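> The structure is given below, and queries will be raised subsequently.
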Amino acid sequence: GRMAARATSCVNPDRTGAGSGAGASIAVEAPHECDAGMQRDGVAAVPPTGRGERSWWLVQLVEATPLGIWQEQ
């Protein structure tokens with residue numbers, strides 16, 4: 001669904017070669033904003049005290065993504 005699409009747009013195989021020799025690696029970039037669509041789908045825009053916004057949004061997206069999606073990546 002939409003949450004999985006958002007999560008997979010943030011977490012991708014690292015194709016830069018930066019992880020060469022160390023096995024496969026991934027590139028992660030947290031969302032830059034929590035838009036109305038994300039909030040509609042259940043992402044809480046305001047993080048708990050002591051947590052950064054972008055990491056909070058990313059965690060929620062990844063948690064809502066079925067594990068099978070990651071095998072397809």
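Residues are referred to by chain and number: the chain letter is A, B, ... according to the order shown in the structure tokens, the number counts from 1 in that chain, and ligands are numbered separately from 1 in the order shown.
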Considering only C-alpha atoms, return as an MDAnalysis selection string whatever protein or nucleic-acid residues lie within 12 Å of Met38 of chain A, sequence-local ones (same chain, fewer than 2 positions apart) excluded.
chainID A and resid 2:7 31:36 40:45 57:58 60:61 64
> Among segment 37-73 of chain A, which ones does DSSP assign to alpha helix (DSSP H) (computed from the backbone)? Answer as a VMD selection string.
chain A and resid 37 to 40 53 to 63 67 to 72
> What would the file look like if the residues just selected were written as a PDB file, in the first residue's frame with N, CA and C atoms?

```
ATOM      1  N   GLY A  37      -1.090  13.504   3.550  1.00  0.00           N
ATOM      2  CA  GLY A  37      -1.337  12.110   3.178  1.00  0.00           C
ATOM      3  C   GLY A  37      -0.750  11.134   4.177  1.00  0.00           C
ATOM      4  N   MET A  38       0.452  11.423   4.649  1.00  0.00           N
ATOM      5  CA  MET A  38       1.071  10.558   5.659  1.00  0.00           C
ATOM      6  C   MET A  38       0.250  10.581   6.944  1.00  0.00           C
ATOM      7  N   GLN A  39      -0.186  11.762   7.332  1.00  0.00           N
ATOM      8  CA  GLN A  39      -0.985  11.875   8.548  1.00  0.00           C
ATOM      9  C   GLN A  39      -2.316  11.152   8.387  1.00  0.00           C
ATOM     10  N   ARG A  40      -2.926  11.251   7.224  1.00  0.00           N
ATOM     11  CA  ARG A  40      -4.183  10.556   6.950  1.00  0.00           C
ATOM     12  C   ARG A  40      -4.007   9.044   7.094  1.00  0.00           C
ATOM     13  N   GLU A  53      12.197  14.591  14.391  1.00  0.00           N
ATOM     14  CA  GLU A  53      11.020  14.427  13.531  1.00  0.00           C
ATOM     15  C   GLU A  53      11.248  13.422  12.419  1.00  0.00           C
ATOM     16  N   ARG A  54      12.307  13.596  11.656  1.00  0.00           N
ATOM     17  CA  ARG A  54      12.522  12.753  10.473  1.00  0.00           C
ATOM     18  C   ARG A  54      12.708  11.291  10.852  1.00  0.00           C
ATOM     19  N   SER A  55      13.457  11.020  11.907  1.00  0.00           N
ATOM     20  CA  SER A  55      13.645   9.623  12.316  1.00  0.00           C
ATOM     21  C   SER A  55      12.332   9.035  12.813  1.00  0.00           C
ATOM     22  N   TRP A  56      11.518   9.840  13.479  1.00  0.00           N
ATOM     23  CA  TRP A  56      10.212   9.393  13.969  1.00  0.00           C
ATOM     24  C   TRP A  56       9.306   9.003  12.805  1.00  0.00           C
ATOM     25  N   TRP A  57       9.280   9.826  11.773  1.00  0.00           N
ATOM     26  CA  TRP A  57       8.440   9.519  10.610  1.00  0.00           C
ATOM     27  C   TRP A  57       8.927   8.251   9.919  1.00  0.00           C
ATOM     28  N   LEU A  58      10.248   8.119   9.758  1.00  0.00           N
ATOM     29  CA  LEU A  58      10.816   6.941   9.101  1.00  0.00           C
ATOM     30  C   LEU A  58      10.476   5.670   9.866  1.00  0.00           C
ATOM     31  N   VAL A  59      10.620   5.691  11.173  1.00  0.00           N
ATOM     32  CA  VAL A  59      10.310   4.510  11.990  1.00  0.00           C
ATOM     33  C   VAL A  59       8.867   4.081  11.773  1.00  0.00           C
ATOM     34  N   GLN A  60       7.959   5.033  11.755  1.00  0.00           N
ATOM     35  CA  GLN A  60       6.545   4.694  11.571  1.00  0.00           C
ATOM     36  C   GLN A  60       6.287   4.075  10.202  1.00  0.00           C
ATOM     37  N   LEU A  61       6.939   4.601   9.175  1.00  0.00           N
ATOM     38  CA  LEU A  61       6.770   4.044   7.828  1.00  0.00           C
ATOM     39  C   LEU A  61       7.293   2.616   7.756  1.00  0.00           C
ATOM     40  N   VAL A  62       8.485   2.397   8.294  1.00  0.00           N
ATOM     41  CA  VAL A  62       9.097   1.064   8.245  1.00  0.00           C
ATOM     42  C   VAL A  62       8.279   0.072   9.064  1.00  0.00           C
ATOM     43  N   GLU A  63       7.805   0.489  10.239  1.00  0.00           N
ATOM     44  CA  GLU A  63       6.992  -0.406  11.070  1.00  0.00           C
ATOM     45  C   GLU A  63       5.706  -0.828  10.372  1.00  0.00           C
ATOM     46  N   LEU A  67       6.925  -7.244   6.061  1.00  0.00           N
ATOM     47  CA  LEU A  67       8.284  -7.751   5.885  1.00  0.00           C
ATOM     48  C   LEU A  67       8.553  -8.261   4.475  1.00  0.00           C
ATOM     49  N   GLY A  68       7.562  -8.837   3.829  1.00  0.00           N
ATOM     50  CA  GLY A  68       7.732  -9.372   2.485  1.00  0.00           C
ATOM     51  C   GLY A  68       8.165  -8.328   1.471  1.00  0.00           C
ATOM     52  N   ILE A  69       7.809  -7.088   1.703  1.00  0.00           N
ATOM     53  CA  ILE A  69       8.190  -6.001   0.790  1.00  0.00           C
ATOM     54  C   ILE A  69       9.705  -5.893   0.702  1.00  0.00           C
ATOM     55  N   TRP A  70      10.395  -6.079   1.830  1.00  0.00           N
ATOM     56  CA  TRP A  70      11.846  -5.899   1.855  1.00  0.00           C
ATOM     57  C   TRP A  70      12.562  -6.998   1.082  1.00  0.00           C
ATOM     58  N   GLN A  71      11.986  -8.188   1.037  1.00  0.00           N
ATOM     59  CA  GLN A  71      12.596  -9.272   0.262  1.00  0.00           C
ATOM     60  C   GLN A  71      12.556  -8.961  -1.228  1.00  0.00           C
ATOM     61  N   GLU A  72      11.535  -8.224  -1.646  1.00  0.00           N
ATOM     62  CA  GLU A  72      11.394  -7.860  -3.056  1.00  0.00           C
ATOM     63  C   GLU A  72      12.425  -6.817  -3.465  1.00  0.00           C
TER      64      GLU A  72
END
```
> To one decimal place, how far is atom CA of Arg51 of chain A from atom CA of Ala24 of chain A in Å?
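Separation of atom CA of Arg51 of chain A and atom CA of Ala24 of chain A: 28.6 Å.
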> What is the distance, in Å and to one decimal place, between atom CA of Glu29 of chain A and atom CA of Cys10 of chain A?
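Atom CA of Cys10 of chain A lies 5.1 Å from atom CA of Glu29 of chain A.
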> Find the residues near Arg15 of chain A: any atom within 10 Å, counting only C-alpha atoms, skip ones fewer than 6 places away on the same chain, and give them as an NGL selection string.
:A and (24-27)
